[in-house]
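Engineer: Sharing a structure below in structure tokens format, with a few things to ask.
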Amino acid sequence: MTGPPTPLRTPRRRPFLAALATSGLAALTGCASESGPTPETDPSSGSPVEVLHNWTSGPNMLASESFAAAFREAHPSVPTDVRPVADADVDDLLVRRVEGGDPPGTVGTVPGENLAPFDDSLATVDDVWTGELTDAHPPLAREVCRRDGAYRAVPVAAFRVDTVYYNVDILDDVGVAPASLSSVDGVLAAVEAVAASSSTDARPLGHALGRPRPTLQLFAALLAAVDPEAYRGFVSGGEPRSAVREAVAATSRLLSAVGDDAADVQIEAGRRVGSGAATVVQSGSWLSASLRRAGFGHRSEDGTGSWGVVGLGDAPVVLYDAFVPPAGSPSPEGAAAWLAFAGSETGQVAFNSPPSAGARPDPSPEDREDPPAPRGSVPPRTDVSPARFEPPLTTVTRAYRDADERLPSMAHGLAFPPATLGALLETVDERLVSAETVDVGAATDALVAAVTDA
């Protein structure tokens, strides 16, 4: 399945950290986290760099394999041991490994507040963040990789979360310009135009109600477009009630257009847009890969293109993937080389724009059934030319590069620690997804309380 990266799960983290506090594994806590990987020592002299990640299938696996191959070409003397971990179990494995005094070299995951429960067991990577690396990454990328006054991660990929996908023919039939989808009012008008039109039987909006995360993501995208400053205030624990209320009201109006046959997952909702069964869907840029793999071409492909994508608002909502080094790694120099490569233009292009899976000697079963496609992410660096990517990602890369500011995704662990994110998801489920009638005022109060009371 192609979709957004899964944040590390939390059930065992607090007992794990409590155990660290009372154990003799001082190298994994406190003082040890003050010293991390350094690229200045010969990395070929140590143990293999063990890399854990959950990019295990389809475009995600293609990206990770492409990155690993490029790293080995750039650092042929550095031994590596890359281990994909099924689903989201990478966090459970990390906990067990650290508890056992056997941490890996690095882990691929979501940085930012998603790492809060691991603050006492992460190495620093300040030496990796040289002037060139720092200058090439925008403030948000640097911010989410820092914890407790030091760098603890290096980003390798960026998704734009607040994108709107649309069916080309349906919008044309109802006379809606795709560019109008870049505003909240434009999205609402497009959905309502389709609902009122007799020229199409398509659903006005594709959306998944099987879980609350797509609806939280929708609310977040709308809030960012309504008022980026209010978005920042909300994720900082403030109470920008007016903007939150406006975003809740817009979310409610859009949910009313979903109909009785909502999708179970957002990828299904997106593919309905590709097939013409639905008109628009709000989804992150990872949906591009899903549409490609389902055989739906982008509008730039003459004769086959059925869909296009527009960014909602001027301040992109961003989700990063990053490599994070646990403290006490047996291969700190090799891990530093891996992390430095993750921050390089070569490494990020290899990860986000890999060569065709057809060149792989043993493609996965999923790749045999569906065509390969980039995963929908772009380099976190802002000095990579958009021309290096296919048309949908050219748009995403350019918007990311040229934005005056970028906002952290609140639906995937970047902006909120696990407990707060969990409270938000519960609130969205109760007040928006499962409510027979949305009480906009009560939902606004509940969302603000979920953040401020956490």
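Here's how to read the names in the structure tokens: chain A, B, ... by the order shown, residue numbers from 1 in each chain, ligand numbers from 1 in the order shown.
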Might you pull out every residue within 8 Å of Ala141 of chain A, with only C-alpha atoms counted and same-chain residues fewer than 6 positions away left off, and present them as a count of residues only?

Structural biologist: 3

Engineer: Show which residues sit within 8 Å of segment 181-198 of chain A, as a list of chain:residue names. Count only C-alpha atoms, and ignore same-chain residues fewer than 4 positions away.

Structural biologist: A:Val164, A:Leu171, A:Val174, A:Val176, A:Ala177, A:Ala202, A:Arg203, A:Pro204, A:Leu205, A:Leu222, A:Ala225, A:Val226, A:Ala250, A:Arg253, A:Leu254, A:Ala257, A:Thr279, A:Val280, A:Val310, A:Gly311, A:Leu312, A:Gly313

Engineer: When distances are computed from only C-alpha atoms, which of A:Ser344, A:Ser285, A:Ser275, A:Thr420 shows the smallest separation from Gly297 of chain A?

Structural biologist: A:Ser275

Engineer: Based on DSSP run over this structure's backbone, return all residues of segment 119-266 of chain A in strand (DSSP E or B), as a PDB file with N, CA and C atoms, in the first residue's frame.

Structural biologist:
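Below is the file selection22.pdb, written as the result:
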```pdb
ATOM      1  N   LEU A 122      18.144   9.260  22.136  1.00  0.00           N
ATOM      2  CA  LEU A 122      18.588   9.607  20.792  1.00  0.00           C
ATOM      3  C   LEU A 122      19.967  10.255  20.831  1.00  0.00           C
ATOM      4  N   ARG A 146      15.454  18.954  15.417  1.00  0.00           N
ATOM      5  CA  ARG A 146      16.117  19.344  16.660  1.00  0.00           C
ATOM      6  C   ARG A 146      15.232  18.998  17.856  1.00  0.00           C
ATOM      7  N   ARG A 147      15.872  18.480  18.902  1.00  0.00           N
ATOM      8  CA  ARG A 147      15.183  18.239  20.164  1.00  0.00           C
ATOM      9  C   ARG A 147      16.175  18.506  21.286  1.00  0.00           C
ATOM     10  N   ALA A 150      19.554  20.213  20.300  1.00  0.00           N
ATOM     11  CA  ALA A 150      20.537  19.575  19.423  1.00  0.00           C
ATOM     12  C   ALA A 150      19.817  18.879  18.275  1.00  0.00           C
ATOM     13  N   TYR A 151      20.540  18.682  17.188  1.00  0.00           N
ATOM     14  CA  TYR A 151      19.986  17.916  16.073  1.00  0.00           C
ATOM     15  C   TYR A 151      19.971  16.435  16.435  1.00  0.00           C
ATOM     16  N   VAL A 154      17.947  13.678  10.495  1.00  0.00           N
ATOM     17  CA  VAL A 154      18.206  14.309   9.201  1.00  0.00           C
ATOM     18  C   VAL A 154      17.063  13.913   8.267  1.00  0.00           C
ATOM     19  N   PRO A 155      16.389  14.891   7.641  1.00  0.00           N
ATOM     20  CA  PRO A 155      15.254  14.547   6.776  1.00  0.00           C
ATOM     21  C   PRO A 155      15.717  14.005   5.435  1.00  0.00           C
ATOM     22  N   VAL A 156      14.919  13.095   4.879  1.00  0.00           N
ATOM     23  CA  VAL A 156      15.246  12.529   3.573  1.00  0.00           C
ATOM     24  C   VAL A 156      14.121  12.733   2.571  1.00  0.00           C
ATOM     25  N   ALA A 157      12.911  13.040   3.050  1.00  0.00           N
ATOM     26  CA  ALA A 157      11.770  13.191   2.149  1.00  0.00           C
ATOM     27  C   ALA A 157      10.755  14.144   2.757  1.00  0.00           C
ATOM     28  N   ALA A 158      10.000  14.809   1.884  1.00  0.00           N
ATOM     29  CA  ALA A 158       8.945  15.723   2.318  1.00  0.00           C
ATOM     30  C   ALA A 158       7.702  15.479   1.479  1.00  0.00           C
ATOM     31  N   PHE A 159       6.571  15.290   2.141  1.00  0.00           N
ATOM     32  CA  PHE A 159       5.276  15.241   1.468  1.00  0.00           C
ATOM     33  C   PHE A 159       4.572  16.579   1.656  1.00  0.00           C
ATOM     34  N   ARG A 160       3.838  17.012   0.661  1.00  0.00           N
ATOM     35  CA  ARG A 160       2.894  18.101   0.883  1.00  0.00           C
ATOM     36  C   ARG A 160       1.565  17.465   1.267  1.00  0.00           C
ATOM     37  N   THR A 163      -2.784  18.951  -0.294  1.00  0.00           N
ATOM     38  CA  THR A 163      -3.068  18.972  -1.720  1.00  0.00           C
ATOM     39  C   THR A 163      -4.493  18.510  -1.990  1.00  0.00           C
ATOM     40  N   VAL A 164      -5.058  19.003  -3.087  1.00  0.00           N
ATOM     41  CA  VAL A 164      -6.405  18.640  -3.516  1.00  0.00           C
ATOM     42  C   VAL A 164      -6.296  18.010  -4.900  1.00  0.00           C
ATOM     43  N   TYR A 165      -6.757  16.776  -5.025  1.00  0.00           N
ATOM     44  CA  TYR A 165      -6.756  16.064  -6.297  1.00  0.00           C
ATOM     45  C   TYR A 165      -8.141  16.174  -6.929  1.00  0.00           C
ATOM     46  N   TYR A 166      -8.166  16.261  -8.243  1.00  0.00           N
ATOM     47  CA  TYR A 166      -9.446  16.454  -8.920  1.00  0.00           C
ATOM     48  C   TYR A 166      -9.500  15.643 -10.210  1.00  0.00           C
ATOM     49  N   ASN A 167     -10.732  15.326 -10.636  1.00  0.00           N
ATOM     50  CA  ASN A 167     -10.943  14.669 -11.914  1.00  0.00           C
ATOM     51  C   ASN A 167     -11.081  15.737 -12.991  1.00  0.00           C
ATOM     52  N   ARG A 203     -19.712  11.529  -7.353  1.00  0.00           N
ATOM     53  CA  ARG A 203     -19.755  12.099  -6.009  1.00  0.00           C
ATOM     54  C   ARG A 203     -19.023  13.440  -6.020  1.00  0.00           C
ATOM     55  N   PRO A 204     -19.537  14.428  -5.322  1.00  0.00           N
ATOM     56  CA  PRO A 204     -18.816  15.702  -5.266  1.00  0.00           C
ATOM     57  C   PRO A 204     -17.458  15.582  -4.581  1.00  0.00           C
ATOM     58  N   LEU A 205     -17.401  14.763  -3.513  1.00  0.00           N
ATOM     59  CA  LEU A 205     -16.170  14.654  -2.720  1.00  0.00           C
ATOM     60  C   LEU A 205     -15.866  13.199  -2.416  1.00  0.00           C
ATOM     61  N   GLY A 206     -14.632  12.801  -2.662  1.00  0.00           N
ATOM     62  CA  GLY A 206     -14.165  11.506  -2.201  1.00  0.00           C
ATOM     63  C   GLY A 206     -13.526  11.670  -0.833  1.00  0.00           C
ATOM     64  N   ALA A 208     -12.591   9.272   3.060  1.00  0.00           N
ATOM     65  CA  ALA A 208     -12.655   8.034   3.834  1.00  0.00           C
ATOM     66  C   ALA A 208     -13.092   8.338   5.256  1.00  0.00           C
ATOM     67  N   ALA A 263     -15.595   6.001   1.379  1.00  0.00           N
ATOM     68  CA  ALA A 263     -14.517   5.020   1.286  1.00  0.00           C
ATOM     69  C   ALA A 263     -14.055   4.625   2.685  1.00  0.00           C
TER      70      ALA A 263
END
```

Engineer: For Leu218 of chain A, list every protein, DNA or RNA residue within 12 Å, evaluated using only C-alpha atoms, and leave out those in the same chain fewer than 2 positions away; present the list as a PyMOL selection string.

Structural biologist: chain A and resi 161-164+184+187+205-209+212-216+220-225+247-255+266+281-284+312+317+409-411+428+432-433

Engineer: Using C-alpha atoms, can you write the selected residues to a file as a PDB file, in the first residue's frame?

Structural biologist:
```
ATOM      1  CA  VAL A 161      -0.145  17.180   2.983  1.00  0.00           C
ATOM      2  CA  ASP A 162      -2.599  19.919   1.938  1.00  0.00           C
ATOM      3  CA  THR A 163      -3.068  18.972  -1.720  1.00  0.00           C
ATOM      4  CA  VAL A 164      -6.405  18.640  -3.516  1.00  0.00           C
ATOM      5  CA  VAL A 184     -11.212  26.968   0.853  1.00  0.00           C
ATOM      6  CA  VAL A 187     -13.110  23.872  -2.918  1.00  0.00           C
ATOM      7  CA  LEU A 205     -16.170  14.654  -2.720  1.00  0.00           C
ATOM      8  CA  GLY A 206     -14.165  11.506  -2.201  1.00  0.00           C
ATOM      9  CA  HIS A 207     -13.326  10.923   1.451  1.00  0.00           C
ATOM     10  CA  ALA A 208     -12.655   8.034   3.834  1.00  0.00           C
ATOM     11  CA  LEU A 209     -14.547   7.743   7.100  1.00  0.00           C
ATOM     12  CA  PRO A 212     -10.483   9.731  11.802  1.00  0.00           C
ATOM     13  CA  ARG A 213      -7.031  10.630  10.443  1.00  0.00           C
ATOM     14  CA  PRO A 214      -8.208  11.679   6.937  1.00  0.00           C
ATOM     15  CA  THR A 215     -10.728  14.041   8.516  1.00  0.00           C
ATOM     16  CA  LEU A 216      -8.130  15.522  10.875  1.00  0.00           C
ATOM     17  CA  ALA A 220      -5.725  20.848   9.172  1.00  0.00           C
ATOM     18  CA  ALA A 221      -5.440  21.617   5.454  1.00  0.00           C
ATOM     19  CA  LEU A 222      -8.453  23.915   5.645  1.00  0.00           C
ATOM     20  CA  LEU A 223      -7.151  25.674   8.768  1.00  0.00           C
ATOM     21  CA  ALA A 224      -3.778  26.299   7.116  1.00  0.00           C
ATOM     22  CA  ALA A 225      -5.503  27.791   4.078  1.00  0.00           C
ATOM     23  CA  ALA A 247     -12.145  25.451   9.365  1.00  0.00           C
ATOM     24  CA  VAL A 248     -14.541  23.219  11.331  1.00  0.00           C
ATOM     25  CA  ALA A 249     -17.516  24.738   9.509  1.00  0.00           C
ATOM     26  CA  ALA A 250     -15.843  24.136   6.145  1.00  0.00           C
ATOM     27  CA  THR A 251     -14.978  20.569   7.159  1.00  0.00           C
ATOM     28  CA  SER A 252     -18.605  19.950   8.124  1.00  0.00           C
ATOM     29  CA  ARG A 253     -19.866  21.284   4.789  1.00  0.00           C
ATOM     30  CA  LEU A 254     -17.476  19.056   2.887  1.00  0.00           C
ATOM     31  CA  LEU A 255     -18.315  15.964   4.920  1.00  0.00           C
ATOM     32  CA  GLN A 266      -8.262   7.543   1.669  1.00  0.00           C
ATOM     33  CA  VAL A 281     -10.386  14.529  -2.716  1.00  0.00           C
ATOM     34  CA  GLN A 282      -8.116  16.178  -0.181  1.00  0.00           C
ATOM     35  CA  SER A 283      -5.056  14.001   0.303  1.00  0.00           C
ATOM     36  CA  GLY A 284      -1.319  14.270   0.704  1.00  0.00           C
ATOM     37  CA  LEU A 312      -4.485  24.382  -0.973  1.00  0.00           C
ATOM     38  CA  VAL A 317       1.523  21.765   5.218  1.00  0.00           C
ATOM     39  CA  SER A 409       1.502  18.358   9.642  1.00  0.00           C
ATOM     40  CA  MET A 410      -0.680  17.936  12.714  1.00  0.00           C
ATOM     41  CA  ALA A 411      -2.222  14.657  11.531  1.00  0.00           C
ATOM     42  CA  VAL A 428     -12.326  14.346  15.402  1.00  0.00           C
ATOM     43  CA  LEU A 432     -16.899  15.196  13.098  1.00  0.00           C
ATOM     44  CA  VAL A 433     -16.706  11.635  11.776  1.00  0.00           C
TER      45      VAL A 433
END
```

Engineer: Just the residues within 8 Å of Ser66 of chain A, please, counting only C-alpha atoms, with nothing from its chain fewer than 6 positions along; format it as a VMD selection string.

Structural biologist: chain A and resid 350 to 351 354 to 355

Engineer: Can you write out the residues you just picked, keeping N, CA and C atoms, as a CSV table (one decimal), in the first residue's frame?

Structural biologist:
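To be explicit, this is the file written out as part.csv:
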```csv
chain,number,residue,atom,x,y,z
A,350,ALA,N,17.8,10.3,-5.0
A,350,ALA,CA,17.7,8.9,-5.1
A,350,ALA,C,16.5,8.4,-4.4
A,351,PHE,N,16.2,8.9,-3.2
A,351,PHE,CA,15.1,8.4,-2.4
A,351,PHE,C,13.7,8.9,-3.0
A,354,PRO,N,13.4,7.7,-7.6
A,354,PRO,CA,14.2,6.5,-7.9
A,354,PRO,C,14.1,6.1,-9.4
A,355,PRO,N,15.0,5.3,-9.9
A,355,PRO,CA,14.9,4.8,-11.2
A,355,PRO,C,13.8,3.8,-11.3
```

Engineer: Considering only helix (DSSP H, G or I) as DSSP defines it on the backbone, what residues of segment 124-227 of chain A qualify? List them as a ChimeraX atom specification.

Structural biologist: /A:131-136,139-144,168-174,178-182,184-196,213-226

Engineer: For a quick check of understanding, using only C-alpha atoms, which of A:Val78, A:Val451, A:Ala230, A:Val244 has the smallest distance to Ala415 of chain A?

Structural biologist: A:Val451

Engineer: For the atom pair atom CA of Ile170 of chain A and atom CA of Val258 of chain A, what is the interatomic distance in Å to one decimal place?

Structural biologist: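 Atom CA of Val258 of chain A lies 16.1 Å from atom CA of Ile170 of chain A.
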
Engineer: If we count only C-alpha atoms and set the cut-off at 9 Å, which residues sit around Val82 of chain A, ignoring sequence neighbours fewer than 2 positions away in its own chain? Please answer as a list in words.

Structural biologist: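 Surrounding residues, per the criterion: Val49, Glu50, Val51, Leu52, His53, Ala68, Thr80 and Pro84 of chain A.
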
Engineer: Let me see the file: selected residues, C-alpha atoms, as a JSON list (two decimals), in the first residue's frame.

Structural biologist:
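Wrote it out as result_13.json, contents follow:
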```
[["chain", "number", "residue", "atom", "x", "y", "z"],
["A", 49, "VAL", "CA", 25.39, 0.34, 9.73],
["A", 50, "GLU", "CA", 22.13, -1.35, 10.65],
["A", 51, "VAL", "CA", 19.15, 0.59, 9.27],
["A", 52, "LEU", "CA", 15.57, -0.13, 10.34],
["A", 53, "HIS", "CA", 12.57, 1.27, 8.47],
["A", 68, "ALA", "CA", 20.62, 2.29, -0.22],
["A", 80, "THR", "CA", 25.46, -1.65, 5.68],
["A", 84, "PRO", "CA", 12.81, -3.37, 6.42]]
```

Engineer: Contacts of Pro386 of chain A at 6 Å or less, counting only C-alpha atoms, minus same-chain residues fewer than 6 places along, as a list in words?

Structural biologist: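 Contacts, in chain order: Thr394, Thr397 and Arg398 of chain A.
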
Engineer: What is the atom CA of Asp169 of chain A to atom CA of Val318 of chain A distance in Å?

Structural biologist: 28.7 Å

Engineer: Tell me, as a ChimeraX atom specification, which residues lie within 9 Å of Leu291 of chain A, counting only C-alpha atoms; anything in the same chain fewer than 3 positions away does not count.

Structural biologist: /A:267,270-271,273-274,287-288,294-298,307

Engineer: Please, could you write that set of residues out with C-alpha atoms as a PDB file, in the first residue's frame?

Structural biologist:
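Printed below is selection_24.pdb as written:
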```pdb
ATOM      1  CA  ILE A 267      -6.403   5.746  -1.110  1.00  0.00           C
ATOM      2  CA  GLY A 270      -8.473   8.998  -4.281  1.00  0.00           C
ATOM      3  CA  ARG A 271      -8.813   6.249  -6.843  1.00  0.00           C
ATOM      4  CA  VAL A 273     -11.320  10.539  -8.371  1.00  0.00           C
ATOM      5  CA  GLY A 274      -9.021   8.869 -10.881  1.00  0.00           C
ATOM      6  CA  LEU A 287      -1.792   9.886  -3.529  1.00  0.00           C
ATOM      7  CA  SER A 288       0.037  10.542  -6.812  1.00  0.00           C
ATOM      8  CA  ALA A 294      -3.899   2.052 -10.316  1.00  0.00           C
ATOM      9  CA  GLY A 295      -3.300   3.024 -13.941  1.00  0.00           C
ATOM     10  CA  PHE A 296      -4.664   6.569 -13.821  1.00  0.00           C
ATOM     11  CA  GLY A 297      -2.488   9.070 -15.651  1.00  0.00           C
ATOM     12  CA  HIS A 298      -1.815  12.678 -14.704  1.00  0.00           C
ATOM     13  CA  TRP A 307      -6.491  13.716 -12.702  1.00  0.00           C
TER      14      TRP A 307
END
```
